[in-house]
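One file, final-v3.tsv, carrying TSV, C-alpha atoms and all ligand atoms:
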chain	number	residue	atom	x	y	z
A	17	MET	CA	166.78	145.78	48.62
A	18	SER	CA	166.82	142.08	49.48
A	19	SER	CA	165.49	139.64	46.92
A	20	PRO	CA	162.02	138.25	47.64
A	21	LYS	CA	162.15	135.17	49.85
A	22	LYS	CA	161.33	131.89	48.19
A	23	PRO	CA	158.10	130.54	49.60
A	24	SER	CA	158.94	127.51	51.71
A	25	SER	CA	155.50	126.01	51.52
A	26	SER	CA	152.44	126.14	49.37
A	27	LEU	CA	150.69	127.79	52.29
A	28	GLN	CA	152.85	130.90	51.83
A	29	GLU	CA	152.04	133.60	49.30
A	30	LYS	CA	154.34	134.90	46.59
A	31	ALA	CA	155.60	138.45	47.14
A	32	GLY	CA	153.29	140.99	45.57
A	33	ILE	CA	150.28	138.72	45.46
A	34	SER	CA	147.82	139.49	48.18
A	35	PRO	CA	145.99	136.52	49.64
A	36	PRO	CA	142.31	136.23	48.81
A	37	GLU	CA	140.11	137.04	51.76
A	38	ILE	CA	138.87	133.48	51.99
A	39	ILE	CA	142.23	132.38	53.42
A	40	ASN	CA	142.26	132.54	57.17
A	41	ILE	CA	145.72	133.81	58.15
A	42	SER	CA	145.48	132.57	61.71
A	43	ALA	CA	144.47	129.09	60.52
A	44	ILE	CA	147.55	129.01	58.29
A	45	SER	CA	149.87	129.94	61.10
A	46	GLN	CA	148.24	127.27	63.28
A	47	ILE	CA	148.79	124.62	60.60
A	48	GLN	CA	152.39	125.72	60.14
A	49	LYS	CA	152.97	125.63	63.87
A	50	ASN	CA	151.56	122.10	64.09
A	51	ARG	CA	153.68	120.95	61.18
A	52	ARG	CA	156.78	122.05	62.95
A	53	LYS	CA	155.59	120.49	66.16
A	54	GLN	CA	156.72	116.91	65.45
A	55	PRO	CA	158.27	116.17	68.82
A	56	SER	CA	161.89	115.13	69.01
A	57	SER	CA	162.78	111.74	70.45
A	58	GLN	CA	163.95	113.44	73.65
A	59	GLU	CA	160.59	115.20	73.96
A	60	LEU	CA	158.78	111.93	73.39
A	61	ILE	CA	160.88	110.15	76.02
A	62	ALA	CA	160.26	112.94	78.54
A	63	GLY	CA	156.52	112.85	77.76
A	64	ILE	CA	156.29	109.08	78.11
A	65	LEU	CA	158.20	109.04	81.39
A	66	ASP	CA	155.80	111.70	82.56
A	67	GLY	CA	152.86	109.41	81.75
A	68	ASN	CA	151.63	111.55	78.88
A	69	ARG	CA	149.25	109.46	76.75
A	70	THR	CA	149.65	111.58	73.61
A	71	ALA	CA	153.41	111.09	73.71
A	72	LEU	CA	152.89	107.36	74.27
A	73	SER	CA	150.47	107.10	71.33
A	74	ARG	CA	152.83	109.03	69.08
A	75	ALA	CA	155.76	106.83	70.01
A	76	ILE	CA	153.73	103.68	69.31
A	77	THR	CA	152.81	105.13	65.92
A	78	LEU	CA	156.53	105.52	65.22
A	79	VAL	CA	157.13	101.91	66.26
A	80	GLU	CA	154.39	100.79	63.90
A	81	SER	CA	155.59	102.87	60.96
A	82	THR	CA	157.39	101.22	58.08
A	83	ASN	CA	159.31	104.41	57.30
A	84	GLN	CA	163.06	104.01	57.96
A	85	GLU	CA	163.42	107.46	59.54
A	86	HIS	CA	160.57	106.67	61.90
A	87	ALA	CA	162.16	103.35	62.76
A	88	GLU	CA	165.38	105.10	63.79
A	89	LYS	CA	163.51	107.60	65.91
A	90	ALA	CA	161.46	104.78	67.45
A	91	ASN	CA	164.68	102.99	68.40
A	92	GLU	CA	165.99	106.10	70.14
A	93	VAL	CA	162.75	106.46	72.07
A	94	ILE	CA	162.76	102.78	73.08
A	95	LYS	CA	166.36	103.06	74.20
A	96	GLY	CA	165.49	106.07	76.35
A	97	CYS	CA	162.51	104.24	77.84
A	98	LEU	CA	164.19	100.89	78.53
A	99	PRO	CA	165.66	101.77	81.94
A	100	ASN	CA	162.10	102.49	83.11
A	101	ALA	CA	160.44	99.46	81.53
A	102	ASN	CA	160.08	95.95	82.98
A	103	LYS	CA	158.25	96.99	86.11
A	104	SER	CA	154.99	95.32	85.26
A	105	ILE	CA	153.04	92.13	84.92
A	106	ARG	CA	152.44	91.11	81.34
A	107	ILE	CA	149.37	88.97	80.83
A	108	GLY	CA	148.49	87.25	77.56
A	109	ILE	CA	144.86	86.41	76.82
A	110	THR	CA	143.77	84.14	74.03
A	111	GLY	CA	140.57	82.45	72.96
A	112	VAL	CA	138.52	81.78	69.87
A	113	PRO	CA	136.30	84.52	68.42
A	114	GLY	CA	133.17	85.00	70.49
A	115	VAL	CA	134.56	83.45	73.69
A	116	GLY	CA	134.31	86.86	75.35
A	117	LYS	CA	137.84	88.26	75.28
A	118	SER	CA	136.79	91.88	74.85
A	119	THR	CA	134.04	91.63	77.48
A	120	PHE	CA	136.47	89.88	79.83
A	121	ILE	CA	139.18	92.50	79.34
A	122	GLU	CA	136.63	95.22	80.04
A	123	ALA	CA	135.62	93.53	83.32
A	124	PHE	CA	139.12	92.50	84.35
A	125	GLY	CA	140.74	95.79	83.33
A	126	THR	CA	138.16	97.83	85.20
A	127	PHE	CA	138.61	95.61	88.27
A	128	LEU	CA	142.35	96.29	88.12
A	129	THR	CA	142.07	100.06	87.73
A	130	GLN	CA	139.74	100.04	90.74
A	131	LEU	CA	142.57	98.37	92.65
A	132	GLY	CA	144.69	101.36	91.67
A	133	LYS	CA	146.53	99.67	88.81
A	134	LYS	CA	147.36	101.26	85.49
A	135	VAL	CA	146.34	98.95	82.69
A	136	ALA	CA	147.48	98.94	79.07
A	137	VAL	CA	145.72	96.72	76.53
A	138	LEU	CA	147.55	95.80	73.34
A	139	ALA	CA	146.81	93.16	70.73
A	140	VAL	CA	148.55	90.78	68.39
A	141	ASP	CA	146.21	90.09	65.57
A	142	PRO	CA	147.87	89.48	62.23
A	143	SER	CA	144.52	89.52	60.46
A	144	SER	CA	143.75	93.01	61.72
A	145	SER	CA	144.97	94.65	58.52
A	146	LEU	CA	141.73	93.34	57.08
A	147	SER	CA	139.42	93.97	60.01
A	148	HIS	CA	141.11	97.24	61.06
A	149	GLY	CA	142.03	95.95	64.46
A	150	SER	CA	139.90	93.76	66.63
A	151	ILE	CA	140.11	96.07	69.62
A	152	LEU	CA	139.19	99.13	67.61
A	153	GLY	CA	136.28	97.24	66.09
A	154	ASP	CA	134.77	96.39	69.44
A	155	LYS	CA	135.65	99.39	71.53
A	156	THR	CA	131.96	99.37	72.35
A	157	ARG	CA	132.62	96.18	74.34
A	158	MET	CA	135.18	98.09	76.38
A	159	GLU	CA	133.08	101.17	76.98
A	160	GLU	CA	134.14	101.71	80.56
A	161	LEU	CA	137.78	100.88	80.07
A	162	VAL	CA	138.08	103.21	77.08
A	163	LYS	CA	136.95	106.10	79.27
A	164	ASP	CA	139.08	105.06	82.24
A	165	GLU	CA	141.99	107.43	82.66
A	166	ASN	CA	144.08	104.66	84.20
A	167	ALA	CA	143.69	102.49	81.13
A	168	PHE	CA	145.33	102.76	77.74
A	169	ILE	CA	143.89	100.76	74.86
A	170	ARG	CA	145.65	100.41	71.56
A	171	PRO	CA	144.34	98.38	68.64
A	172	SER	CA	146.61	95.87	66.99
A	173	ALA	CA	149.29	97.11	64.64
A	174	SER	CA	148.58	96.07	61.11
A	175	GLY	CA	151.14	94.22	59.11
A	176	ASP	CA	151.67	91.42	56.66
A	177	THR	CA	153.60	89.08	58.88
A	178	LEU	CA	152.93	87.81	62.37
A	179	GLY	CA	156.60	88.43	63.16
A	180	GLY	CA	156.27	92.09	62.22
A	181	VAL	CA	153.07	92.64	64.17
A	182	ALA	CA	154.49	90.80	67.19
A	183	ARG	CA	157.69	92.85	67.19
A	184	LYS	CA	155.70	96.08	67.16
A	185	THR	CA	153.55	94.90	70.07
A	186	ARG	CA	156.61	93.84	72.00
A	187	GLU	CA	158.21	97.27	71.57
A	188	SER	CA	154.94	98.94	72.52
A	189	ILE	CA	155.00	96.98	75.81
A	190	ILE	CA	158.28	98.70	76.71
A	191	LEU	CA	156.81	102.12	75.95
A	192	CYS	CA	153.66	101.44	78.00
A	193	GLU	CA	155.72	100.26	80.96
A	194	ALA	CA	157.90	103.35	80.82
A	195	ALA	CA	154.71	105.44	80.83
A	196	GLY	CA	153.80	103.86	84.17
A	197	TYR	CA	151.41	101.09	83.12
A	198	ASP	CA	151.99	98.27	85.59
A	199	THR	CA	149.64	95.70	84.11
A	200	ILE	CA	149.94	94.97	80.41
A	201	ILE	CA	147.28	92.84	78.77
A	202	ILE	CA	148.03	91.40	75.36
A	203	GLU	CA	145.04	90.01	73.55
A	204	THR	CA	145.18	87.63	70.65
A	205	VAL	CA	142.59	85.69	68.78
A	206	GLY	CA	143.81	82.14	68.42
A	207	VAL	CA	144.70	82.04	64.78
A	208	GLY	CA	147.88	80.63	63.27
A	209	GLN	CA	150.89	80.99	65.50
A	210	SER	CA	149.75	84.17	67.23
A	211	GLU	CA	149.34	82.43	70.61
A	212	THR	CA	152.94	81.28	70.49
A	213	ALA	CA	154.07	84.82	69.69
A	214	VAL	CA	152.06	86.25	72.59
A	215	HIS	CA	153.18	83.50	74.95
A	216	SER	CA	156.78	84.50	74.23
A	217	MET	CA	156.21	88.09	75.35
A	218	VAL	CA	154.16	87.66	78.53
A	219	ASP	CA	154.72	86.47	82.09
A	220	PHE	CA	151.34	84.81	82.47
A	221	PHE	CA	149.27	83.21	79.75
A	222	LEU	CA	145.52	82.86	80.13
A	223	LEU	CA	143.31	80.78	77.91
A	224	LEU	CA	139.64	81.73	77.78
A	225	LYS	CA	137.16	78.96	77.02
A	226	ILE	CA	133.44	78.41	77.12
A	227	SER	CA	131.71	75.21	78.02
A	228	GLY	CA	130.63	73.34	74.96
A	229	ALA	CA	128.50	70.36	74.22
A	230	GLY	CA	130.14	68.21	76.87
A	231	ASP	CA	133.32	67.14	75.14
A	232	GLU	CA	135.40	70.10	76.23
A	233	LEU	CA	138.76	68.89	75.00
A	234	GLN	CA	137.58	68.31	71.47
A	235	GLY	CA	139.40	70.42	68.94
A	236	ILE	CA	141.63	72.18	71.45
A	237	LYS	CA	145.26	72.38	70.43
A	238	ARG	CA	147.46	70.52	72.88
A	239	GLY	CA	150.16	73.17	72.54
A	240	ILE	CA	147.81	75.87	73.81
A	241	MET	CA	146.82	73.80	76.85
A	242	GLU	CA	150.51	73.35	77.61
A	243	MET	CA	151.21	77.06	77.33
A	244	ALA	CA	148.31	78.15	79.54
A	245	ASP	CA	149.06	79.14	83.14
A	246	ALA	CA	145.33	79.38	83.72
A	247	ILE	CA	142.27	78.21	81.84
A	248	VAL	CA	139.25	80.37	82.51
A	249	ILE	CA	135.83	79.10	81.51
A	250	ASN	CA	133.89	82.23	80.72
A	251	LYS	CA	130.13	82.78	80.51
A	252	ALA	CA	129.58	80.84	83.73
A	253	ASP	CA	126.27	82.55	84.40
A	254	GLY	CA	122.56	81.71	84.27
A	255	ASP	CA	121.83	78.26	82.90
A	256	ASN	CA	125.45	77.85	81.97
A	257	ILE	CA	126.89	77.57	85.47
A	258	LYS	CA	126.49	73.80	85.76
A	259	LYS	CA	128.05	73.12	82.37
A	260	ALA	CA	130.91	75.51	83.15
A	261	ASN	CA	131.66	73.63	86.38
A	262	GLN	CA	131.68	70.33	84.52
A	263	ALA	CA	134.06	71.79	81.97
A	264	LYS	CA	136.28	72.93	84.81
A	265	LEU	CA	136.52	69.36	86.14
A	266	GLU	CA	137.33	68.01	82.71
A	267	PHE	CA	140.09	70.55	82.04
A	268	ASN	CA	141.55	69.97	85.49
A	269	ARG	CA	141.73	66.26	84.84
A	270	ALA	CA	143.38	66.83	81.46
A	271	LEU	CA	145.92	69.29	82.84
A	272	HIS	CA	147.13	66.80	85.40
A	273	LEU	CA	148.18	64.52	82.58
A	274	PHE	CA	150.69	67.07	81.30
A	275	PRO	CA	154.26	67.00	82.58
A	276	PRO	CA	155.07	69.70	85.16
A	277	LYS	CA	155.98	73.10	83.75
A	278	LYS	CA	159.50	74.51	83.89
A	279	SER	CA	158.14	77.10	86.30
A	280	ASN	CA	156.80	74.33	88.57
A	281	TRP	CA	153.51	76.18	88.47
A	282	GLN	CA	150.45	73.99	88.43
A	283	SER	CA	148.05	75.54	85.91
A	284	LYS	CA	144.70	76.52	87.38
A	285	VAL	CA	141.23	76.14	85.94
A	286	THR	CA	138.54	78.58	87.06
A	287	THR	CA	135.15	79.74	85.91
A	288	CYS	CA	133.99	83.31	85.54
A	289	SER	CA	131.39	85.53	84.02
A	290	ALA	CA	132.66	88.63	82.28
A	291	ILE	CA	129.11	89.97	82.45
A	292	THR	CA	128.21	89.41	86.12
A	293	LYS	CA	131.92	89.79	87.04
A	294	GLU	CA	131.72	86.66	89.21
A	295	GLY	CA	135.15	85.04	89.48
A	296	ILE	CA	137.11	88.02	88.15
A	297	SER	CA	138.87	88.72	91.46
A	298	ASP	CA	139.88	85.03	91.80
A	299	ILE	CA	141.70	85.28	88.50
A	300	TRP	CA	143.69	88.23	89.76
A	301	ASN	CA	144.53	86.29	92.94
A	302	THR	CA	145.80	83.39	90.84
A	303	ILE	CA	148.00	85.72	88.79
A	304	SER	CA	149.33	87.36	91.95
A	305	ASP	CA	150.16	83.91	93.40
A	306	TYR	CA	151.99	83.04	90.22
A	307	VAL	CA	154.03	86.25	90.28
A	308	GLN	CA	154.94	85.73	93.92
A	309	MET	CA	155.92	82.11	93.47
A	310	THR	CA	158.00	82.63	90.31
A	311	ASN	CA	159.75	85.63	91.83
A	312	GLU	CA	160.69	83.52	94.83
A	313	THR	CA	162.10	80.75	92.64
A	314	GLY	CA	163.78	83.22	90.28
A	315	PHE	CA	161.81	81.87	87.32
A	316	PHE	CA	160.08	85.21	86.63
A	317	PRO	CA	163.23	87.25	85.81
A	318	GLU	CA	164.82	84.21	84.14
A	319	LYS	CA	161.88	83.84	81.76
A	320	ARG	CA	162.08	87.52	80.81
A	321	LYS	CA	165.77	87.14	80.00
A	322	GLU	CA	165.03	84.15	77.81
A	323	GLN	CA	162.26	86.09	76.08
A	324	ASN	CA	164.66	88.97	75.37
A	325	HIS	CA	167.09	86.55	73.79
A	326	PHE	CA	164.30	84.97	71.75
A	327	TRP	CA	163.10	88.36	70.48
A	328	MET	CA	166.57	89.44	69.49
A	329	MET	CA	166.92	86.31	67.35
A	330	GLU	CA	163.38	86.68	65.99
A	331	THR	CA	164.06	90.26	64.96
A	332	ILE	CA	167.24	89.27	63.14
A	333	ASN	CA	165.41	86.46	61.34
A	334	GLU	CA	162.51	88.72	60.45
A	335	GLN	CA	164.74	91.50	59.09
A	336	LEU	CA	166.88	89.09	57.09
A	337	LYS	CA	163.82	87.58	55.51
A	338	LEU	CA	162.34	90.97	54.69
A	339	ASN	CA	165.60	92.11	53.17
A	340	PHE	CA	165.81	88.96	51.05
A	341	TYR	CA	162.28	89.10	49.72
A	342	ASN	CA	162.43	92.85	49.04
A	343	GLN	CA	165.42	92.68	46.67
A	344	PRO	CA	164.13	93.50	43.17
A	345	GLU	CA	166.31	90.75	41.60
A	346	ILE	CA	164.96	88.20	44.03
A	347	ILE	CA	161.38	89.30	43.39
A	348	SER	CA	161.71	88.70	39.67
A	349	GLN	CA	163.84	85.56	39.90
A	350	LEU	CA	161.64	84.02	42.57
A	351	GLU	CA	158.70	83.83	40.20
A	352	GLU	CA	160.78	82.22	37.44
A	353	ASN	CA	162.29	79.71	39.80
A	354	LYS	CA	158.87	78.88	41.24
A	355	LYS	CA	157.58	78.10	37.75
A	356	ALA	CA	160.63	76.04	36.94
A	357	VAL	CA	160.13	73.99	40.12
A	358	GLN	CA	156.47	73.47	39.30
A	359	ASN	CA	157.37	72.27	35.80
A	360	ASP	CA	159.96	69.86	37.23
A	361	GLU	CA	162.72	71.65	35.33
A	362	ILE	CA	164.74	72.19	38.48
A	363	SER	CA	164.71	70.73	41.99
A	364	PRO	CA	163.39	72.91	44.84
A	365	PHE	CA	166.81	72.80	46.50
A	366	ALA	CA	168.65	73.90	43.37
A	367	ALA	CA	166.15	76.72	42.89
A	368	ALA	CA	166.66	77.84	46.48
A	369	GLN	CA	170.42	77.72	45.96
A	370	ASN	CA	170.12	79.86	42.81
A	371	LEU	CA	168.22	82.53	44.68
A	372	LEU	CA	170.45	82.48	47.75
A	373	LYS	CA	173.59	82.72	45.57
A	374	LEU	CA	172.07	85.68	43.78
A	375	TYR	CA	171.25	87.31	47.12
A	376	PHE	CA	174.68	86.76	48.63
A	377	SER	CA	176.42	88.02	45.47
A	378	LYS	CA	174.38	91.24	45.74
A	379	SER	CA	174.98	91.79	49.43
A	380	SER	CA	178.72	91.01	49.48
B	401	LIG	N1	126.34	85.33	79.12
B	401	LIG	C1	127.54	85.82	78.89
B	401	LIG	N2	127.84	86.35	77.69
B	401	LIG	C2	129.07	86.84	77.49
B	401	LIG	C3	130.08	86.82	78.49
B	401	LIG	N3	131.21	87.36	78.00
B	401	LIG	C4	130.94	87.73	76.73
B	401	LIG	N4	129.66	87.42	76.41
B	401	LIG	C5	128.98	87.66	75.13
B	401	LIG	O1	129.64	86.93	74.12
B	401	LIG	C6	129.66	87.66	72.90
B	401	LIG	C7	131.10	87.77	72.38
B	401	LIG	O2	131.87	88.52	73.30
B	401	LIG	P1	133.19	89.32	72.88
B	401	LIG	O3	133.71	89.93	74.13
B	401	LIG	O4	132.94	90.21	71.74
B	401	LIG	O5	134.09	88.11	72.39
B	401	LIG	P2	135.56	88.15	71.75
B	401	LIG	O6	136.26	86.93	72.22
B	401	LIG	O7	136.21	89.46	72.03
B	401	LIG	O8	135.27	88.01	70.22
B	401	LIG	P3	136.21	88.43	68.98
B	401	LIG	O9	136.60	89.87	69.19
B	401	LIG	O10	135.31	88.24	67.80
B	401	LIG	O11	137.37	87.50	68.96
B	401	LIG	C8	129.02	89.00	73.20
B	401	LIG	O12	127.70	88.96	72.79
B	401	LIG	C9	129.12	89.11	74.71
B	401	LIG	O13	128.09	89.90	75.26
B	401	LIG	C10	129.71	86.25	79.78
B	401	LIG	O14	130.51	86.17	80.71
B	401	LIG	N5	128.46	85.78	79.91
B	402	MG	MG	137.01	90.96	70.77
So that I can check it, write out the structure of this file as structure tokens.
Amino acid sequence: MSSPKKPSSSLQEKAGISPPEIINISAISQIQKNRRKQPSSQELIAGILDGNRTALSRAITLVESTNQEHAEKANEVIKGCLPNANKSIRIGITGVPGVGKSTFIEAFGTFLTQLGKKVAVLAVDPSSSLSHGSILGDKTRMEELVKDENAFIRPSASGDTLGGVARKTRESIILCEAAGYDTIIIETVGVGQSETAVHSMVDFFLLLKISGAGDELQGIKRGIMEMADAIVINKADGDNIKKANQAKLEFNRALHLFPPKKSNWQSKVTTCSAITKEGISDIWNTISDYVQMTNETGFFPEKRKEQNHFWMMETINEQLKLNFYNQPEIISQLEENKKAVQNDEISPFAAAQNLLKLYFSKSS
């Protein structure tokens, strides 16, 4: 007689003990089947290339995971998807809270799917670990797009660092493209350096504004104006139309004072209403003109190559930093050195040297 088999899971019963009636045997076998059903990277790749949204979501979850095993699997999936990525237009959208980003993306995204495009919406929002993702929070503002089978909406990955969140979004772009999404919209709320991060992963960068109290340029960061390929003054409806047109003039005047862009593209200023949808199609025409022009000059593929280089270096920097700050010796010594610097017992440079020496002695 063979010895009783060791139960491999707490869902299995010991030999000789009959299960109480309350346990539903078929439910157990279903759970066990699902547990085993974690798809392999090959299955995920095949699913993504087939346009399967569940496979795409699962792969993005792997990309977002901090688990090392997941990271390795995510890399395999990305590698398998890469030959099918790149065939898209990547559009970055930024603007202060309340400017109408979500409402605009709903209108613009729906306009694009009606043109037969497949639209993916991702976000870079380093604060989303607190607010649980800006897109998720206002999915009600994207009611139509959420239901649209040609749209894929994914809330921002959470994370402590902008670099980490940005890397995850960048990898998710590749997965979405491989799944057949030809228009990728990356939303960010203009906090910290998140606009710069988004600018470095998109082809076209759009700044959403609303007309203010007359002095439109007040408080706007020069760097953002320089990055923008288009400035769109939203909420140009009702009583606001006149003010929005004035704002348009003012931004146009200001933009002409900037030196020409490397792309030779002259940034455009337009008005629109995300609610009445007036002006939405003009924005798409502008983006299409940009894509055509920069493909003709070769700037479009050149920019993507530069961005790839940038992201390789960023990822190295990010990983090195993480590795440094996660060493237990560094964690404890960092605090002591910080105190010593504050008490003027040691110079900041000497303290930094101490820690770096400790780190290099550990890693060599
Ligand atoms: N009149 C008018 N109101 C608009 C328009 N677009 C957005 N709104 C309103 O502006 C408010 C903010 O819009 P959201 O789309 O949530 O703005 P957001 O930029 O996504 O805001 P955050 O997610 O907080 O960063 C909502 O009450 C919208 O209904 C527009 O074109 N016209
Ligand atoms: Mg929003």
Just the residues within 9 Å of range 112-114 of chain A, please, counting only C-alpha atoms, with nothing from its chain fewer than 3 positions along; format it as a PyMOL selection string.
chain A and resi 117-118+204-207+224-225
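Nearest to ligand LIG 401 (chain B) of all the residues A:Gln46, A:Ser279, A:Asn250, A:Ser216 is A:Asn250, counting all atoms listed in the file.
Distances here use all atoms listed in the file; by that measure, the residue among A:Thr129, A:Gln54, A:Ala194, A:Ile257 closest to Lys163 in chain A is A:Thr129.
Omitting range 326-334 of chain A and its sequence neighbours fewer than 5 positions away, and counting all atoms listed in the file, the residues within 10 Å are Thr177, Leu178, Gly179, Gly180, Ala182, Arg183, Arg186, Ala213, Ser216, Met217, Arg320, Lys321, Asn339 and Phe340 of chain A.
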Would you please work out which residue, of A:Lys251, A:Arg69, A:Lys284, A:Lys133, is nearest to ligand LIG 401 (chain B) when using only C-alpha atoms and all ligand atoms?
A:Lys251
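Note that atom O12 of ligand LIG 401 (chain B) and CA of Met158 in chain A are 12.3 Å apart.
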List the residues sitting within 8 Å of (127.9, 90.1, 77.3) in the file's frame, using all atoms listed in the file, as an MDAnalysis selection string.
chainID A and resid 116 119 290:291
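Here CA of Trp300 in chain A is placed at a distance of 17.0 Å from CA of Leu161 in chain A.
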Here CA of Arg74 in chain A and CA of Gly175 in chain A stand apart by 17.9 Å
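Residues within 12 Å of Pro55 in chain A, counting only C-alpha atoms and excluding same-chain residues fewer than 2 positions away, are Lys49, Asn50, Arg51, Arg52, Lys53, Ser57, Gln58, Glu59, Leu60, Ile61, Ala62, Gly63, Ile64, Thr70, Ala71, Leu72, Arg74, Ala75, Leu78, His86, Lys89, Ala90 and Val93 of chain A.
Residue neighbourhood of Ala136 in chain A, excluding near-sequence residues (fewer than 6 positions): Ala167, Phe168, Ile169, Arg170, Cys192, Tyr197, Asp198, Thr199, Ile200 and Ile201 of chain A, at 8 Å, using all atoms listed in the file.
With distances restricted to all atoms listed in the file, A:Ser172 is the closest residue to ligand MG 402 (chain B) from A:Ser172, A:Ser289, A:Ser81, A:Ser73.
Nearest residue to Ser227 in chain A, choosing from A:Gln308, A:Ser297, A:Asn353, A:Asn256 and counting all atoms listed in the file: A:Asn256.
With all atoms listed in the file as the atoms that count, the residue of A:Arg269, A:Asn166, A:Lys264, A:Glu351 with the shortest distance to Gln130 in chain A is A:Asn166.
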May I have a table of the residues of range 211-294 of chain A lying at most 6 Å from range 94-111 of chain A, giving each one's closest pair of atoms and their distance in Å to one decimal, counting all atoms listed in the file, ordered by chain and ascending residue number, as a Markdown table?
| residue | atom | partner | partner_atom | distance |
| --- | --- | --- | --- | --- |
| A:Val218 | CA | A:Arg106 | CA | 4.8 |
| A:Asp219 | CA | A:Arg106 | CA | 5.2 |
| A:Phe220 | CA | A:Ile107 | CA | 4.9 |
| A:Phe221 | CA | A:Gly108 | CA | 4.7 |
| A:Leu222 | CA | A:Ile109 | CA | 4.9 |
| A:Leu223 | CA | A:Thr110 | CA | 5.2 |
| A:Leu224 | CA | A:Gly111 | CA | 5.0 |
Near-Ala366 in chain A list (12 Å; only C-alpha atoms; drop same-chain fewer than 6 positions) as number ranges by chain
A: 353-354, 356-357, 360, 372-373
